[in-house]
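To start, the structure under review is shown below, and the notes come after it.
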Amino acid sequence: MKNIVLILFMLIATYPLLACERKNDSSIEENTIPEVRNRKILIAYFSWGGTTQQVAENIARYSGGTLFRIETVNPYPTEYTPCTEVAKEELDKGIRPKLKAIVKDFDQYDTIFVGCPVWWHTAPMAVWSFLESDAYDFSGKTVIPFCTYQATYRDETLAKIVELTPNSKHLKGFGTTNKNTNLDSWLKEIGVQTVDK
């Protein structure tokens, strides 16, 4: 009988400690969820065939962000093989093509999605031009990479965008082979407030 009373007493005494521990655990988890709600969002993207543009437009539709298309002064060939040859030469020689326009009032944006197709296992050099431009300071901004691809090198391309913005904060990137992919779960995971679609 004494043993039973002792066990009950120990359970009663430790219950408040267990409850506090659970409460602390949940608050830690909540604090580690990325928070992008109520921010000024820019979606900067480079697109050749239209797939990346469609994904960028869907991100804008879900997030309420502003779209900016990265375009080169000298357009890439419209046929596939000649385009791949130009892209390969740019990559091999480290050529940063000149861009048509810059983002107006770039400083107002604190969260920037950067997207592109995978070209030769990485981001196209036009994206390098954009991210390395003296016109922009990415320091302290939150950069979220995304890409479209046909077969592979998704992770390498997302990693390149992160590498090119070393002074930024980064959230989990996204890659897809389908322009009509559902973005809901990814955007919710990274804390982006979705708007009515």
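Chain labels run A, B, ... following the order of the structure tokens; each chain numbers its residues from 1, and ligands are numbered from 1 in the order shown.
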inquiry  = So that I can check the surroundings of range 78-95 of chain A, please list as a list of chain:residue names every protein, DNA and RNA residue that reaches within 10 Å of it, counting only C-alpha atoms and ignoring chain neighbours fewer than 2 positions away.
reply    =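 Here the qualifying residues turn out to be A:Trp48, A:Gly49, A:Pro75, A:Tyr76, A:Pro97, A:Lys98, A:Trp119, A:Trp120, A:Thr122, A:Ala123, A:Pro124, A:Met125, A:Ala126, A:Trp128, A:Ser129.
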For those residues, write N, CA and C atoms to a file as a PDB file, in the first residue's frame.
ATOM      1  N   TRP A  48      12.964  30.712 -70.812  1.00  0.00           N
ATOM      2  CA  TRP A  48      13.205  30.628 -72.254  1.00  0.00           C
ATOM      3  C   TRP A  48      12.016  29.999 -72.975  1.00  0.00           C
ATOM      4  N   GLY A  49      11.569  28.853 -72.502  1.00  0.00           N
ATOM      5  CA  GLY A  49      10.476  28.142 -73.176  1.00  0.00           C
ATOM      6  C   GLY A  49       9.097  28.425 -72.602  1.00  0.00           C
ATOM      7  N   PRO A  75      18.741  38.600 -77.236  1.00  0.00           N
ATOM      8  CA  PRO A  75      17.921  37.427 -76.933  1.00  0.00           C
ATOM      9  C   PRO A  75      18.617  36.121 -77.319  1.00  0.00           C
ATOM     10  N   TYR A  76      18.306  35.075 -76.589  1.00  0.00           N
ATOM     11  CA  TYR A  76      18.826  33.754 -76.932  1.00  0.00           C
ATOM     12  C   TYR A  76      18.098  33.228 -78.168  1.00  0.00           C
ATOM     13  N   PRO A  97      25.823  37.848 -69.569  1.00  0.00           N
ATOM     14  CA  PRO A  97      25.157  38.661 -70.595  1.00  0.00           C
ATOM     15  C   PRO A  97      24.527  39.915 -69.995  1.00  0.00           C
ATOM     16  N   LYS A  98      24.510  40.980 -70.785  1.00  0.00           N
ATOM     17  CA  LYS A  98      23.889  42.227 -70.328  1.00  0.00           C
ATOM     18  C   LYS A  98      22.375  42.060 -70.284  1.00  0.00           C
ATOM     19  N   TRP A 119      20.080  24.930 -67.001  1.00  0.00           N
ATOM     20  CA  TRP A 119      20.841  24.937 -68.256  1.00  0.00           C
ATOM     21  C   TRP A 119      22.250  24.442 -67.961  1.00  0.00           C
ATOM     22  N   TRP A 120      22.633  23.372 -68.619  1.00  0.00           N
ATOM     23  CA  TRP A 120      23.976  22.815 -68.443  1.00  0.00           C
ATOM     24  C   TRP A 120      24.308  22.604 -66.955  1.00  0.00           C
ATOM     25  N   THR A 122      23.148  23.853 -64.257  1.00  0.00           N
ATOM     26  CA  THR A 122      23.175  24.977 -63.312  1.00  0.00           C
ATOM     27  C   THR A 122      22.208  26.071 -63.771  1.00  0.00           C
ATOM     28  N   ALA A 123      22.251  27.204 -63.098  1.00  0.00           N
ATOM     29  CA  ALA A 123      21.420  28.348 -63.500  1.00  0.00           C
ATOM     30  C   ALA A 123      22.016  29.012 -64.738  1.00  0.00           C
ATOM     31  N   PRO A 124      21.185  29.495 -65.661  1.00  0.00           N
ATOM     32  CA  PRO A 124      21.688  30.216 -66.831  1.00  0.00           C
ATOM     33  C   PRO A 124      22.511  31.429 -66.427  1.00  0.00           C
ATOM     34  N   MET A 125      23.441  31.812 -67.272  1.00  0.00           N
ATOM     35  CA  MET A 125      24.319  32.934 -66.952  1.00  0.00           C
ATOM     36  C   MET A 125      23.556  34.254 -66.834  1.00  0.00           C
ATOM     37  N   ALA A 126      22.399  34.339 -67.444  1.00  0.00           N
ATOM     38  CA  ALA A 126      21.575  35.542 -67.281  1.00  0.00           C
ATOM     39  C   ALA A 126      21.180  35.732 -65.814  1.00  0.00           C
ATOM     40  N   TRP A 128      23.045  34.671 -63.288  1.00  0.00           N
ATOM     41  CA  TRP A 128      24.284  35.119 -62.649  1.00  0.00           C
ATOM     42  C   TRP A 128      24.400  36.642 -62.802  1.00  0.00           C
ATOM     43  N   SER A 129      24.107  37.141 -64.007  1.00  0.00           N
ATOM     44  CA  SER A 129      24.171  38.588 -64.257  1.00  0.00           C
ATOM     45  C   SER A 129      23.247  39.332 -63.301  1.00  0.00           C
TER      46      SER A 129
END
Pick out each residue of range 65-126 of chain A that DSSP on the backbone tags as strand (DSSP E or B); I need them as a VMD selection string. chain A and resid 66 to 69 72 99 111 to 117 119 122
Written selection (N, CA and C atoms) as a compact mmCIF listing (two decimals), in the first residue's frame:
# COMPACT_ATOMS: atom_id res chain seq x y z
N THR A 66 5.25 40.68 -56.71
CA THR A 66 5.44 41.40 -57.97
C THR A 66 6.37 40.61 -58.89
N LEU A 67 5.99 40.48 -60.16
CA LEU A 67 6.80 39.74 -61.13
C LEU A 67 7.84 40.64 -61.79
N PHE A 68 9.04 40.08 -62.01
CA PHE A 68 10.06 40.76 -62.80
C PHE A 68 10.74 39.71 -63.68
N ARG A 69 10.65 39.90 -64.99
CA ARG A 69 11.27 38.97 -65.92
C ARG A 69 12.70 39.39 -66.22
N THR A 72 17.74 39.30 -71.41
CA THR A 72 19.04 39.74 -71.91
C THR A 72 18.86 40.75 -73.05
N LEU A 99 21.77 42.68 -69.28
CA LEU A 99 20.33 42.56 -69.10
C LEU A 99 19.60 43.81 -69.57
N THR A 111 11.69 39.98 -49.53
CA THR A 111 11.66 38.56 -49.87
C THR A 111 11.67 38.43 -51.38
N ILE A 112 12.65 37.68 -51.89
CA ILE A 112 12.83 37.60 -53.34
C ILE A 112 12.91 36.15 -53.80
N PHE A 113 11.93 35.75 -54.58
CA PHE A 113 12.00 34.46 -55.25
C PHE A 113 12.86 34.65 -56.49
N VAL A 114 13.77 33.71 -56.75
CA VAL A 114 14.61 33.76 -57.95
C VAL A 114 14.47 32.42 -58.66
N GLY A 115 13.99 32.47 -59.91
CA GLY A 115 13.72 31.22 -60.63
C GLY A 115 14.29 31.19 -62.02
N CYS A 116 14.51 29.96 -62.51
CA CYS A 116 15.10 29.76 -63.84
C CYS A 116 14.98 28.30 -64.25
N PRO A 117 15.22 28.02 -65.52
CA PRO A 117 15.36 26.63 -65.95
C PRO A 117 16.77 26.13 -65.65
N TRP A 119 20.08 24.93 -67.00
CA TRP A 119 20.84 24.94 -68.26
C TRP A 119 22.25 24.44 -67.96
N THR A 122 23.15 23.85 -64.26
CA THR A 122 23.18 24.98 -63.31
C THR A 122 22.21 26.07 -63.77
Out of A:Thr165, A:Gln54, A:Thr176, A:Ser139, which residue has the shortest atom-to-atom distance to Ala151 in chain A when counting only C-alpha atoms?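 Among the listed residues, A:Thr176 lies closest to Ala151 in chain A.
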| query | CA of Leu131 in chain A and CA of Asp155 in chain A, how far apart in Å? | reply |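 Rounded to one decimal, the two atoms are 18.0 Å apart.
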Open item on the list: I need the residue nearest Arg96 in chain A from this list: A:Glu57, A:Glu163, A:Glu132, A:Asp137. Use only C-alpha atoms for the distance.
Closed with: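 Looking at the shortest contact to Arg96 in chain A, the residue is A:Glu132.
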For each of A:Tyr45, A:Phe130, A:Phe138, A:Tyr62, take the minimum atom-to-atom distance to Asp184 in chain A, counting only C-alpha atoms, then give the residue where this is smallest.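 Smallest distance to Asp184 in chain A is found for A:Tyr62.
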Using only C-alpha atoms, the residue out of A:Leu187, A:Ala44, A:Val118, A:Ala135 with shortest distance to Ala159 in chain A is A:Val118
Just list as a PyMOL selection string whatever in range 54-109 of chain A DSSP marks as helix (DSSP H, G or I). chain A and resi 54-63+80-93+106-108
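You can rank A:Ser133, A:Lys40, A:Ile70, A:Val55 by their closest distance to Thr181 in chain A using only C-alpha atoms, and at the top of that list sits A:Val55.
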Minimum-distance residue to Arg154 in chain A, chosen among A:Asp110, A:Thr177, A:Lys188, A:Val73 (using only C-alpha atoms)
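Closest to Arg154 in chain A, using only C-alpha atoms: A:Thr177.
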